[in-house]
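Chemist: One file is attached below, coords.cif, containing mmCIF, C-alpha atoms (C1' of nucleotides).
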data_coords
#
loop_
_atom_site.label_atom_id
_atom_site.label_comp_id
_atom_site.auth_asym_id
_atom_site.auth_seq_id
_atom_site.Cartn_x
_atom_site.Cartn_y
_atom_site.Cartn_z
CA MET A 1 6.32 -20.79 29.11
CA VAL A 2 2.63 -21.59 29.02
CA SER A 3 0.22 -18.68 28.76
CA THR A 4 -2.18 -18.22 31.66
CA ARG A 5 -4.60 -16.29 29.53
CA ARG A 6 -8.26 -17.17 29.94
CA ILE A 7 -10.90 -17.07 27.18
CA GLY A 8 -14.60 -16.48 27.82
CA VAL A 9 -17.24 -19.01 26.85
CA ALA A 10 -19.03 -18.75 23.52
CA SER A 11 -22.46 -18.59 25.13
CA SER A 12 -21.76 -15.32 26.92
CA GLU A 13 -24.17 -12.43 26.47
CA THR A 14 -21.35 -9.88 26.43
CA ARG A 15 -19.61 -11.87 23.74
CA ALA A 16 -22.76 -11.77 21.62
CA GLN A 17 -22.99 -8.01 22.11
CA LEU A 18 -19.40 -7.60 20.97
CA VAL A 19 -20.07 -9.60 17.80
CA GLU A 20 -23.22 -7.59 17.15
CA ALA A 21 -21.39 -4.28 17.62
CA ALA A 22 -18.56 -5.47 15.40
CA ALA A 23 -20.99 -6.48 12.64
CA GLU A 24 -22.46 -3.01 12.72
CA LEU A 25 -19.04 -1.39 12.55
CA VAL A 26 -18.10 -3.52 9.55
CA ARG A 27 -21.27 -2.50 7.75
CA ASN A 28 -20.92 1.20 8.47
CA GLU A 29 -17.19 1.80 8.48
CA GLY A 30 -15.47 -1.32 7.24
CA TRP A 31 -13.47 -4.05 8.90
CA ALA A 32 -10.58 -1.71 9.69
CA ALA A 33 -12.82 0.22 12.07
CA VAL A 34 -13.22 -2.84 14.28
CA THR A 35 -10.90 -2.08 17.19
CA ALA A 36 -11.24 -2.96 20.86
CA ARG A 37 -11.67 0.71 21.69
CA ARG A 38 -14.43 1.46 19.16
CA LEU A 39 -16.31 -1.66 20.16
CA THR A 40 -16.28 -1.21 23.89
CA GLU A 41 -17.09 2.48 23.88
CA LYS A 42 -20.37 1.51 22.22
CA LEU A 43 -21.08 -0.96 25.00
CA GLY A 44 -19.74 0.98 27.96
CA LEU A 45 -17.07 -1.57 28.82
CA LYS A 46 -13.31 -1.45 29.13
CA ARG A 47 -11.45 -2.38 26.04
CA GLN A 48 -9.53 -5.30 27.57
CA ILE A 49 -12.73 -7.30 27.70
CA VAL A 50 -12.45 -7.86 23.96
CA HIS A 51 -9.26 -9.83 24.47
CA TYR A 52 -10.95 -11.90 27.12
CA TYR A 53 -13.53 -13.18 24.64
CA PHE A 54 -11.39 -13.28 21.50
CA ARG A 55 -7.81 -14.43 21.22
CA THR A 56 -7.23 -11.96 18.38
CA ILE A 57 -9.22 -9.33 16.54
CA GLU A 58 -9.23 -11.62 13.53
CA ASP A 59 -11.04 -14.21 15.62
CA LEU A 60 -13.68 -11.60 16.31
CA LEU A 61 -14.03 -10.79 12.62
CA ILE A 62 -14.48 -14.47 11.88
CA ALA A 63 -17.22 -14.64 14.48
CA VAL A 64 -18.91 -11.80 12.60
CA ILE A 65 -18.61 -13.67 9.30
CA ARG A 66 -20.24 -16.70 10.88
CA ARG A 67 -23.03 -14.64 12.32
CA ASP A 68 -23.70 -12.84 9.01
CA GLY A 69 -23.27 -16.09 7.10
CA GLU A 70 -25.88 -17.91 9.16
CA ASN A 71 -28.30 -15.02 8.76
CA LEU A 72 -27.80 -14.82 5.03
CA ARG A 73 -28.18 -18.54 4.59
CA ALA A 74 -31.43 -18.53 6.57
CA ARG A 75 -32.85 -15.67 4.53
CA ILE A 76 -31.89 -17.37 1.28
CA MET A 77 -33.30 -20.74 2.29
CA GLN A 78 -36.56 -19.03 3.04
CA GLY A 79 -36.44 -17.05 -0.20
CA MET A 80 -35.93 -20.11 -2.35
CA GLU A 81 -39.34 -21.40 -1.28
CA SER A 82 -40.80 -18.59 -3.32
CA ASP A 83 -42.76 -18.87 -6.56
CA GLU A 84 -39.95 -17.06 -8.33
CA PRO A 85 -36.69 -17.94 -6.62
CA LEU A 86 -34.59 -16.18 -9.25
CA ARG A 87 -36.44 -12.95 -8.65
CA VAL A 88 -35.79 -13.27 -4.95
CA ILE A 89 -32.06 -13.59 -5.56
CA TRP A 90 -32.20 -10.68 -7.96
CA GLU A 91 -33.90 -8.42 -5.47
CA MET A 92 -32.04 -9.55 -2.38
CA SER A 93 -28.61 -8.58 -3.69
CA ARG A 94 -29.87 -5.32 -5.14
CA ARG A 95 -31.23 -4.15 -1.83
CA ALA A 96 -28.08 -4.78 0.13
CA PRO A 97 -26.27 -1.49 -0.34
CA LYS A 98 -24.50 -1.47 3.00
CA SER A 99 -23.46 -5.04 2.79
CA ALA A 100 -20.56 -6.57 4.64
CA ILE A 101 -19.94 -9.03 1.82
CA LEU A 102 -17.73 -6.62 -0.07
CA GLU A 103 -15.70 -5.97 3.08
CA PHE A 104 -15.12 -9.60 3.89
CA THR A 105 -14.42 -10.57 0.30
CA ALA A 106 -11.70 -7.95 0.07
CA LEU A 107 -10.30 -9.04 3.42
CA ALA A 108 -10.37 -12.67 2.33
CA ALA A 109 -7.90 -11.87 -0.42
CA HIS A 110 -5.19 -11.29 2.17
CA ARG A 111 -6.17 -13.35 5.21
CA LYS A 112 -6.33 -17.09 4.90
CA ALA A 113 -8.62 -17.70 7.86
CA VAL A 114 -11.12 -15.22 6.47
CA GLN A 115 -10.97 -16.75 3.01
CA ILE A 116 -11.81 -20.17 4.42
CA GLU A 117 -14.90 -18.90 6.22
CA VAL A 118 -16.20 -16.87 3.30
CA LYS A 119 -15.63 -19.77 0.94
CA ARG A 120 -17.54 -22.10 3.23
CA TYR A 121 -20.69 -19.98 3.27
CA MET A 122 -20.55 -19.13 -0.42
CA GLU A 123 -20.27 -22.78 -1.40
CA GLU A 124 -23.00 -23.85 0.95
CA ILE A 125 -25.37 -21.20 -0.36
CA ARG A 126 -24.50 -21.80 -4.00
CA ARG A 127 -25.11 -25.52 -3.67
CA PHE A 128 -28.43 -25.02 -1.93
CA GLN A 129 -29.56 -22.45 -4.50
CA THR A 130 -28.65 -24.69 -7.42
CA GLN A 131 -30.62 -27.61 -6.01
CA ALA A 132 -33.59 -25.44 -5.13
CA LEU A 133 -33.70 -23.83 -8.55
CA THR A 134 -33.35 -27.17 -10.32
CA ARG A 135 -36.23 -28.59 -8.32
CA HIS A 136 -38.30 -25.51 -8.98
CA LEU A 137 -37.83 -25.71 -12.75
CA GLU A 138 -38.64 -29.41 -12.85
CA ARG A 139 -41.78 -28.98 -10.79
CA ARG A 140 -43.07 -26.20 -13.03
CA GLY A 141 -42.19 -28.09 -16.16
CA ILE A 142 -39.83 -25.35 -17.32
CA LYS A 143 -37.13 -26.45 -19.74
CA PRO A 144 -34.73 -23.52 -19.76
CA ALA A 145 -32.21 -22.98 -22.55
CA VAL A 146 -29.35 -22.72 -20.07
CA PRO A 147 -28.35 -24.75 -17.00
CA PRO A 148 -29.63 -23.59 -13.59
CA ALA A 149 -26.10 -22.73 -12.46
CA VAL A 150 -25.78 -20.29 -15.34
CA MET A 151 -29.04 -18.56 -14.48
CA LEU A 152 -28.00 -18.40 -10.85
CA ILE A 153 -24.49 -17.04 -11.28
CA GLY A 154 -25.70 -14.71 -14.01
CA ILE A 155 -28.46 -13.14 -11.94
CA MET A 156 -26.31 -12.94 -8.84
CA SER A 157 -23.34 -11.39 -10.65
CA ILE A 158 -25.43 -8.75 -12.30
CA SER A 159 -27.42 -7.78 -9.25
CA GLN A 160 -24.31 -7.52 -7.10
CA THR A 161 -22.53 -5.45 -9.72
CA LEU A 162 -25.46 -3.07 -9.94
CA ALA A 163 -25.56 -2.75 -6.16
CA VAL A 164 -21.84 -2.01 -5.90
CA GLU A 165 -21.96 0.48 -8.74
CA ALA A 166 -24.98 2.20 -7.22
CA MET A 167 -22.97 2.57 -4.02
CA LEU A 168 -20.24 4.22 -6.10
CA ASP A 169 -22.86 6.44 -7.74
CA VAL A 170 -22.20 4.88 -11.14
CA SER A 171 -25.38 4.15 -13.08
CA GLU A 172 -24.58 4.19 -16.78
CA GLY A 173 -26.46 1.37 -18.49
CA HIS A 174 -28.27 0.32 -15.33
CA SER A 175 -31.78 1.05 -16.55
CA GLU A 176 -31.24 -1.04 -19.69
CA MET A 177 -29.78 -3.85 -17.63
CA VAL A 178 -32.65 -3.79 -15.15
CA ALA A 179 -35.22 -3.78 -17.95
CA PHE A 180 -33.52 -6.77 -19.56
CA VAL A 181 -33.39 -8.83 -16.39
CA GLU A 182 -36.96 -8.00 -15.45
CA GLU A 183 -38.13 -9.08 -18.90
CA MET A 184 -36.20 -12.32 -18.55
CA LEU A 185 -37.74 -13.03 -15.17
CA ARG A 186 -41.21 -12.36 -16.54
CA ALA A 187 -40.61 -14.64 -19.51
CA LEU A 188 -39.48 -17.39 -17.18
CA ALA A 189 -42.54 -16.99 -14.98
CA ARG A 190 -44.79 -17.20 -18.05
CA GLU A 191 -43.23 -20.50 -18.99
CA ALA A 192 -44.23 -22.03 -15.72
CA LYS A 193 -47.09 -24.43 -16.13
CA VAL A 194 -49.45 -24.05 -13.23
CA PRO A 195 -49.03 -27.25 -11.23
CA ALA A 196 -52.56 -28.13 -10.13
CA LEU A 197 -55.76 -26.58 -11.47
CA GLY A 198 -54.24 -24.53 -14.25
CA ALA A 199 -56.22 -21.33 -13.83
CA LYS A 200 -54.00 -18.70 -12.25
CA PRO A 201 -52.65 -16.53 -15.03
CA GLU A 202 -51.07 -13.78 -12.92
CA ARG A 203 -48.95 -14.54 -9.92
CA LYS A 204 -48.08 -12.03 -7.27
CA ARG A 205 -44.48 -11.06 -6.94
CA PRO A 206 -42.88 -12.48 -3.83
CA LYS A 207 -41.92 -10.17 -1.02
CA VAL A 208 -38.26 -9.78 -0.26
CA ARG A 209 -36.98 -8.53 3.03
CA MET B 1 -1.12 29.72 13.03
CA VAL B 2 -0.25 28.93 9.41
CA SER B 3 1.48 25.65 8.73
CA THR B 4 5.00 25.87 7.36
CA ARG B 5 4.81 22.41 5.93
CA ARG B 6 6.24 21.96 2.44
CA ILE B 7 4.94 19.47 -0.18
CA GLY B 8 7.14 17.94 -2.91
CA VAL B 9 6.41 18.45 -6.59
CA ALA B 10 4.35 15.89 -8.51
CA SER B 11 7.12 15.32 -11.08
CA SER B 12 9.56 13.93 -8.50
CA GLU B 13 11.16 10.57 -9.13
CA THR B 14 10.96 9.59 -5.46
CA ARG B 15 7.29 10.42 -5.47
CA ALA B 16 6.75 8.12 -8.42
CA GLN B 17 8.62 5.36 -6.61
CA LEU B 18 6.41 5.79 -3.56
CA VAL B 19 3.28 5.50 -5.67
CA GLU B 20 4.65 2.42 -7.43
CA ALA B 21 5.57 0.77 -4.12
CA ALA B 22 2.15 1.62 -2.70
CA ALA B 23 0.39 0.12 -5.73
CA GLU B 24 2.30 -3.10 -5.18
CA LEU B 25 1.41 -3.17 -1.50
CA VAL B 26 -2.26 -2.68 -2.30
CA ARG B 27 -2.19 -5.56 -4.76
CA ASN B 28 -0.36 -7.95 -2.47
CA GLU B 29 -1.58 -7.04 1.00
CA GLY B 30 -4.45 -4.59 0.64
CA TRP B 31 -4.81 -0.86 1.24
CA ALA B 32 -4.40 -1.23 4.99
CA ALA B 33 -0.80 -2.36 4.48
CA VAL B 34 0.11 1.00 2.96
CA THR B 35 1.94 2.75 5.79
CA ALA B 36 4.87 5.15 5.67
CA ARG B 37 7.03 2.54 7.34
CA ARG B 38 6.26 -0.32 4.96
CA LEU B 39 6.71 1.90 1.94
CA THR B 40 10.02 3.45 2.83
CA GLU B 41 11.67 0.27 4.02
CA LYS B 42 11.17 -1.02 0.49
CA LEU B 43 12.91 2.04 -0.92
CA GLY B 44 15.62 2.53 1.72
CA LEU B 45 14.35 5.93 2.80
CA LYS B 46 13.20 7.41 6.09
CA ARG B 47 9.50 7.29 6.67
CA GLN B 48 9.03 11.04 7.03
CA ILE B 49 9.65 11.45 3.33
CA VAL B 50 6.17 10.08 2.67
CA HIS B 51 4.64 13.05 4.45
CA TYR B 52 6.79 15.39 2.40
CA TYR B 53 5.22 14.16 -0.83
CA PHE B 54 1.70 13.46 0.41
CA ARG B 55 -0.34 15.54 2.79
CA THR B 56 -2.06 12.41 4.08
CA ILE B 57 -1.89 8.68 3.43
CA GLU B 58 -5.27 8.94 1.75
CA ASP B 59 -3.75 11.34 -0.75
CA LEU B 60 -1.19 8.69 -1.54
CA LEU B 61 -3.88 6.05 -2.02
CA ILE B 62 -5.68 8.38 -4.41
CA ALA B 63 -2.47 8.81 -6.38
CA VAL B 64 -2.37 5.02 -6.68
CA ILE B 65 -5.97 4.92 -7.91
CA ARG B 66 -5.13 7.47 -10.58
CA ARG B 67 -2.08 5.54 -11.67
CA ASP B 68 -3.97 2.24 -11.85
CA GLY B 69 -6.95 3.97 -13.45
CA GLU B 70 -4.87 5.46 -16.25
CA ASN B 71 -3.21 2.13 -16.91
CA LEU B 72 -6.51 0.26 -17.00
CA ARG B 73 -8.09 2.82 -19.28
CA ALA B 74 -5.17 2.62 -21.69
CA ARG B 75 -5.32 -1.18 -21.81
CA ILE B 76 -9.06 -1.13 -22.38
CA MET B 77 -8.91 1.49 -25.10
CA GLN B 78 -6.39 -0.66 -26.87
CA GLY B 79 -8.44 -3.80 -26.32
CA MET B 80 -11.59 -2.29 -27.78
CA GLU B 81 -9.87 -2.00 -31.14
CA SER B 82 -10.01 -5.79 -31.31
CA ASP B 83 -12.11 -7.90 -33.65
CA GLU B 84 -14.03 -9.17 -30.63
CA PRO B 85 -14.15 -6.42 -28.04
CA LEU B 86 -16.52 -8.35 -25.79
CA ARG B 87 -14.14 -11.25 -25.64
CA VAL B 88 -11.35 -8.90 -24.64
CA ILE B 89 -13.42 -7.58 -21.75
CA TRP B 90 -14.34 -11.12 -20.79
CA GLU B 91 -10.74 -12.24 -20.68
CA MET B 92 -9.25 -9.12 -19.18
CA SER B 93 -11.31 -9.28 -15.99
CA ARG B 94 -10.87 -12.99 -15.64
CA ARG B 95 -7.10 -12.77 -15.62
CA ALA B 96 -6.88 -10.12 -12.96
CA PRO B 97 -6.74 -12.28 -9.83
CA LYS B 98 -4.59 -9.95 -7.76
CA SER B 99 -6.50 -6.89 -8.74
CA ALA B 100 -6.58 -3.69 -6.76
CA ILE B 101 -10.12 -2.96 -7.95
CA LEU B 102 -11.68 -4.99 -5.16
CA GLU B 103 -9.57 -3.16 -2.58
CA PHE B 104 -10.43 0.29 -3.81
CA THR B 105 -14.08 -0.50 -4.31
CA ALA B 106 -14.38 -1.66 -0.71
CA LEU B 107 -12.47 1.39 0.49
CA ALA B 108 -14.70 3.66 -1.60
CA ALA B 109 -17.68 2.55 0.45
CA HIS B 110 -16.31 4.41 3.46
CA ARG B 111 -14.12 7.20 2.09
CA LYS B 112 -15.70 9.90 0.01
CA ALA B 113 -12.52 11.03 -1.74
CA VAL B 114 -11.83 7.45 -2.85
CA GLN B 115 -15.39 6.96 -4.05
CA ILE B 116 -15.12 10.03 -6.27
CA GLU B 117 -11.94 8.82 -7.95
CA VAL B 118 -13.17 5.27 -8.50
CA LYS B 119 -16.44 6.56 -9.87
CA ARG B 120 -14.62 8.83 -12.29
CA TYR B 121 -12.62 6.03 -13.88
CA MET B 122 -15.47 3.57 -13.93
CA GLU B 123 -17.76 6.02 -15.70
CA GLU B 124 -15.11 7.04 -18.17
CA ILE B 125 -14.34 3.44 -19.05
CA ARG B 126 -17.97 2.39 -19.22
CA ARG B 127 -18.83 5.23 -21.56
CA PHE B 128 -15.91 4.50 -23.84
CA GLN B 129 -16.71 0.80 -23.93
CA THR B 130 -20.36 1.41 -24.76
CA GLN B 131 -19.48 3.68 -27.65
CA ALA B 132 -16.80 1.34 -28.97
CA LEU B 133 -19.08 -1.70 -28.80
CA THR B 134 -21.94 0.18 -30.46
CA ARG B 135 -19.66 1.22 -33.31
CA HIS B 136 -18.31 -2.30 -33.60
CA LEU B 137 -21.77 -3.85 -33.93
CA GLU B 138 -22.88 -1.30 -36.49
CA ARG B 139 -19.81 -1.76 -38.62
CA ARG B 140 -20.19 -5.54 -38.66
CA GLY B 141 -23.87 -5.31 -39.38
CA ILE B 142 -24.74 -7.17 -36.19
CA LYS B 143 -28.23 -6.55 -34.84
CA PRO B 144 -28.09 -7.98 -31.34
CA ALA B 145 -31.21 -8.89 -29.39
CA VAL B 146 -30.10 -6.77 -26.43
CA PRO B 147 -28.63 -3.26 -26.10
CA PRO B 148 -24.83 -2.92 -26.05
CA ALA B 149 -24.89 -1.73 -22.44
CA VAL B 150 -26.57 -4.96 -21.40
CA MET B 151 -23.96 -7.08 -23.16
CA LEU B 152 -21.23 -4.99 -21.60
CA ILE B 153 -22.42 -5.00 -18.02
CA GLY B 154 -23.43 -8.63 -18.30
CA ILE B 155 -20.05 -9.82 -19.52
CA MET B 156 -18.16 -7.64 -17.09
CA SER B 157 -20.26 -8.66 -14.08
CA ILE B 158 -19.88 -12.33 -14.78
CA SER B 159 -16.17 -12.27 -15.50
CA GLN B 160 -15.46 -10.25 -12.37
CA THR B 161 -17.60 -12.54 -10.25
CA LEU B 162 -15.80 -15.59 -11.58
CA ALA B 163 -12.43 -13.97 -10.87
CA VAL B 164 -13.36 -13.04 -7.31
CA GLU B 165 -14.81 -16.47 -6.61
CA ALA B 166 -11.73 -18.15 -8.05
CA MET B 167 -9.66 -16.08 -5.64
CA LEU B 168 -11.85 -17.43 -2.83
CA ASP B 169 -11.41 -20.94 -4.21
CA VAL B 170 -15.12 -21.20 -5.00
CA SER B 171 -15.80 -22.78 -8.39
CA GLU B 172 -19.26 -24.39 -8.27
CA GLY B 173 -21.03 -23.73 -11.57
CA HIS B 174 -18.03 -21.99 -13.13
CA SER B 175 -17.47 -24.47 -15.94
CA GLU B 176 -21.11 -24.21 -17.03
CA MET B 177 -20.94 -20.44 -16.88
CA VAL B 178 -17.71 -20.29 -18.88
CA ALA B 179 -19.11 -22.64 -21.51
CA PHE B 180 -22.23 -20.51 -21.84
CA VAL B 181 -20.35 -17.24 -22.26
CA GLU B 182 -17.88 -18.74 -24.69
CA GLU B 183 -20.75 -20.05 -26.80
CA MET B 184 -22.39 -16.63 -26.73
CA LEU B 185 -19.19 -14.94 -27.85
CA ARG B 186 -18.79 -17.45 -30.68
CA ALA B 187 -22.36 -16.94 -31.82
CA LEU B 188 -21.84 -13.19 -31.85
CA ALA B 189 -18.66 -13.53 -33.89
CA ARG B 190 -20.50 -15.74 -36.40
CA GLU B 191 -23.12 -13.06 -36.88
CA ALA B 192 -20.53 -10.59 -37.98
CA LYS B 193 -20.67 -10.00 -41.70
CA VAL B 194 -17.17 -9.76 -43.04
CA PRO B 195 -16.80 -6.12 -44.03
CA ALA B 196 -14.80 -6.27 -47.27
CA LEU B 197 -14.17 -9.39 -49.38
CA GLY B 198 -16.39 -11.79 -47.49
CA ALA B 199 -14.09 -14.81 -47.40
CA LYS B 200 -12.63 -15.22 -43.93
CA PRO B 201 -14.71 -17.83 -42.11
CA GLU B 202 -12.53 -18.28 -39.03
CA ARG B 203 -11.06 -15.41 -37.14
CA LYS B 204 -8.21 -15.69 -34.71
CA ARG B 205 -8.94 -14.90 -31.11
CA PRO B 206 -7.40 -11.67 -29.99
CA LYS B 207 -4.56 -11.72 -27.53
CA VAL B 208 -5.15 -10.21 -24.15
CA ARG B 209 -2.37 -9.09 -21.88
"C1'" DG C 1 -16.61 -11.60 34.32
"C1'" DT C 2 -14.65 -7.28 34.41
"C1'" DC C 3 -11.41 -4.47 35.98
"C1'" DT C 4 -6.40 -1.90 36.50
"C1'" DA C 5 -1.95 -1.78 34.91
"C1'" DT C 6 1.36 -2.21 31.64
"C1'" DA C 7 4.16 -3.76 27.69
"C1'" DA C 8 5.58 -3.13 23.23
"C1'" DT C 9 4.61 -1.40 18.75
"C1'" DC C 10 2.83 1.19 15.43
"C1'" DA C 11 0.32 5.01 13.31
"C1'" DG C 12 0.02 9.81 11.03
"C1'" DA C 13 1.73 14.16 11.14
"C1'" DT C 14 4.70 18.47 11.85
"C1'" DA C 15 8.96 21.47 12.63
"C1'" DG C 16 13.23 22.50 11.64
"C1'" DA C 17 18.30 21.27 10.58
"C1'" DC C 18 21.34 20.34 6.80
"C1'" DG D 1 15.14 16.70 -1.09
"C1'" DT D 2 16.05 14.11 2.81
"C1'" DC D 3 17.18 13.93 7.24
"C1'" DT D 4 16.63 14.04 12.83
"C1'" DA D 5 13.62 14.86 16.41
"C1'" DT D 6 9.39 14.92 18.40
"C1'" DC D 7 4.38 14.99 19.43
"C1'" DT D 8 0.29 12.61 20.09
"C1'" DG D 9 -2.44 9.08 20.01
"C1'" DA D 10 -3.65 4.61 18.37
"C1'" DT D 11 -3.13 -0.43 18.26
"C1'" DT D 12 -3.04 -5.63 20.01
"C1'" DA D 13 -2.10 -8.21 23.69
"C1'" DT D 14 -0.91 -10.17 28.49
"C1'" DA D 15 -0.85 -10.56 33.66
"C1'" DG D 16 -2.96 -10.26 37.65
"C1'" DA D 17 -6.24 -7.96 41.13
"C1'" DC D 18 -10.99 -7.96 42.63
#
Could you quickly redo this structure as structure tokens?
Modeler:
Amino acid sequence: MVSTRRIGVASSETRAQLVEAAAELVRNEGWAAVTARRLTEKLGLKRQIVHYYFRTIEDLLIAVIRRDGENLRARIMQGMESDEPLRVIWEMSRRAPKSAILEFTALAAHRKAVQIEVKRYMEEIRRFQTQALTRHLERRGIKPAVPPAVMLIGIMSISQTLAVEAMLDVSEGHSEMVAFVEEMLRALAREAKVPALGAKPERKRPKVR
Amino acid sequence: MVSTRRIGVASSETRAQLVEAAAELVRNEGWAAVTARRLTEKLGLKRQIVHYYFRTIEDLLIAVIRRDGENLRARIMQGMESDEPLRVIWEMSRRAPKSAILEFTALAAHRKAVQIEVKRYMEEIRRFQTQALTRHLERRGIKPAVPPAVMLIGIMSISQTLAVEAMLDVSEGHSEMVAFVEEMLRALAREAKVPALGAKPERKRPKVR
DNA sequence: GTCTATAATCAGATAGAC
DNA sequence: GTCTATCTGATTATAGAC
């Protein structure tokens, strides 16, 4: 028995709205809040439309991961152009309190299809960051004591941990940790030899969105 | 209209079995898999018994957090007696692939009662660890370049990140990071002045369960 | 493309019998 | 302490009308 079920095209405007609404629900209430009913009552549609555009709810969640993943990658690629790429990473994770990353990571532990998508974006971003940081250090003539990957994973781990703990209202040791990282970032910036004229002692901190 | 609903005592054996079964479900399939049906079919009971022991399913999840929290605290308090408490922390987080911490942390972002419980245990453990590490450093005559809280949060952040990424099958940069941390731990151990006779150059690594 | 209609489960929760 | 019975509402998903 072959199913007669139709599936809407990926370019649909309604489909995009569903993904957008789902992304918002994940951020505010978690992946478990993403149901056909909750989604469509935000858009003023009947709930069966969800099953027209997505074979399963999991397919919809994966569309959200792709959307968020593309956005994150774009923001990071832009951020790595900065004068202090490590500081950008440091500040980007810290300012993502209502992030969907925690949601999807937890979900990935139990759903294979989700794990594959999350892995894909994490690897892509990690690889890009490592290359960008390596290039940055070479260009500035900085010879760090530790490999770029260590700086990267270190900064990212710590900033994400601080963000998650802040969400939980746990802050013991945070001020010391922040002071330490900030000092490290400053020390690294001081090491940078100015590439061209050699007469710009203070550099402005890059903006992070 | 006053409810006539009864609630079973906390000392009940069946209640303990329900909490145990729920803890297992959380570890293997996530908090969303904890339903009265799934629980009782493991125990050969009718599903209404769950509502006899727990007012709501959330109450049951909180009982699981307390159980896991007590266990974790006990293991950590024991581990901090070690010769190398930082190494114990490092290895404990790394070997917890199917941890419930990720589940409960994600859930805490959206459920106040869960957030309060998770916060409680995290703060308690953090405080104990900080004190234990501070004492340890003083006793060994180690004067570290950074505050104990920074070492603690740093090691914990990195080990948890590596564990989560390993679960996702992401491993880029892990070997460099592991090598770096291991070297740091070795350097710290070397700094330790032997307290009494001063003739034990190599120390065995502590076992972690 | 969106709707109505419907199937088939599953969920949490409560009352009351034994 | 555990059961039967029941309420009430949720869920994903499919088929077919318009």
Chemist: Counting only C-alpha atoms (C1' of nucleotides), give me one row per residue of chain D with an atom at most 9 Å from an atom of chain A, showing the shortest contact pair and its distance in Å to one decimal, sorted by chain then residue number, as a tab-separated table.
Modeler:
residue	atom	partner	partner_atom	distance
D:DT11	C1'	A:Thr35	CA	8.0
D:DT12	C1'	A:Thr56	CA	7.8
D:DA13	C1'	A:His51	CA	7.4
D:DT14	C1'	A:Arg5	CA	7.2
D:DA15	C1'	A:Arg5	CA	8.0
Chemist: Compare B:Ser11, B:Ser171, B:Thr40, B:Thr134 by their minimum atom-to-atom distance to chain A, counting all atoms listed in the file, and give me the closest one.
Modeler: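 Using all atoms listed in the file, the shortest distance to chain A belongs to B:Ser171.
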Chemist: Which chain C residues are at most 10 Å from chain A (counting all atoms listed in the file), as a PyMOL selection string?
Modeler: chain C and resi 1-3
Chemist: Using the chain letters and numbers from this file, what does the PyMOL selection byres ((chain B) within 7 of (chain A)) select? Give the answer as a ChimeraX atom specification.
Modeler: /B:29-30,102-103,106,109-110,115,119,123,149-150,154,157-158,161,167-170,173,176-177
Chemist: Written as a list in words, what is the full residue list that the PyMOL selection byres ((chain A and resi 67) around 12) yields on the file shown?
Modeler: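 Those residues are Ala16, Gln17, Leu18, Val19, Glu20, Ala21, Ala22, Ala23, Glu24, Leu60, Leu61, Ile62, Ala63, Val64, Ile65, Arg66, Asp68, Gly69, Glu70, Asn71, Leu72, Arg73, Ala74, Ala100, Glu117, Val118 and Tyr121 of chain A.
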Chemist: Taking (9.3, 15.9, 15.2) in the coordinates of the supplied file, I want to know which residues reach to within 12 Å of it, counting only C-alpha atoms (C1' of nucleotides); could you give the answer as a PDB file with C-alpha atoms (C1' of nucleotides), keeping the file's coordinate frame?
Modeler:
ATOM      1  CA  GLN B  48       9.030  11.040   7.030  1.00  0.00           C
TER       2      GLN B  48
ATOM      3  C1'  DG C  12       0.020   9.810  11.030  1.00  0.00           C
ATOM      4  C1'  DA C  13       1.730  14.160  11.140  1.00  0.00           C
ATOM      5  C1'  DT C  14       4.700  18.470  11.850  1.00  0.00           C
ATOM      6  C1'  DA C  15       8.960  21.470  12.630  1.00  0.00           C
ATOM      7  C1'  DG C  16      13.230  22.500  11.640  1.00  0.00           C
ATOM      8  C1'  DA C  17      18.300  21.270  10.580  1.00  0.00           C
TER       9       DA C  17
ATOM     10  C1'  DC D   3      17.180  13.930   7.240  1.00  0.00           C
ATOM     11  C1'  DT D   4      16.630  14.040  12.830  1.00  0.00           C
ATOM     12  C1'  DA D   5      13.620  14.860  16.410  1.00  0.00           C
ATOM     13  C1'  DT D   6       9.390  14.920  18.400  1.00  0.00           C
ATOM     14  C1'  DC D   7       4.380  14.990  19.430  1.00  0.00           C
ATOM     15  C1'  DT D   8       0.290  12.610  20.090  1.00  0.00           C
TER      16       DT D   8
END
Chemist: Just to confirm, what's the straight-line distance from CA of Glu91 in chain A to CA of Leu185 in chain B in Å (one decimal)?
Modeler: 27.6 Å
Chemist: So what do you get for CA of Ile7 in chain B versus C1' of DC10 in chain C, distance-wise?
Modeler: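 C1' of DC10 in chain C lies 24.1 Å from CA of Ile7 in chain B.
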Chemist: Residues near DT4 in chain C, anyone? I mean within 10 Å using all atoms listed in the file, not counting same-chain ones fewer than 6 positions away, as a count of residues only.
Modeler: 3
Chemist: By how many Å are CA of Pro144 in chain A and CA of Met92 in chain B apart?
Modeler: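 That distance, rounded to one decimal, is 29.3 Å.
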Chemist: How big is the axis-aligned box around the listed atoms of range 71-90 of chain B once 5 Å is added on each side, and where is its centre? Give both in Å to one decimal, as lines of an AutoDock Vina configuration file.
Modeler:
center_x = -9.9
center_y = -4.2
center_z = -25.3
size_x = 23.3
size_y = 24.1
size_z = 26.7
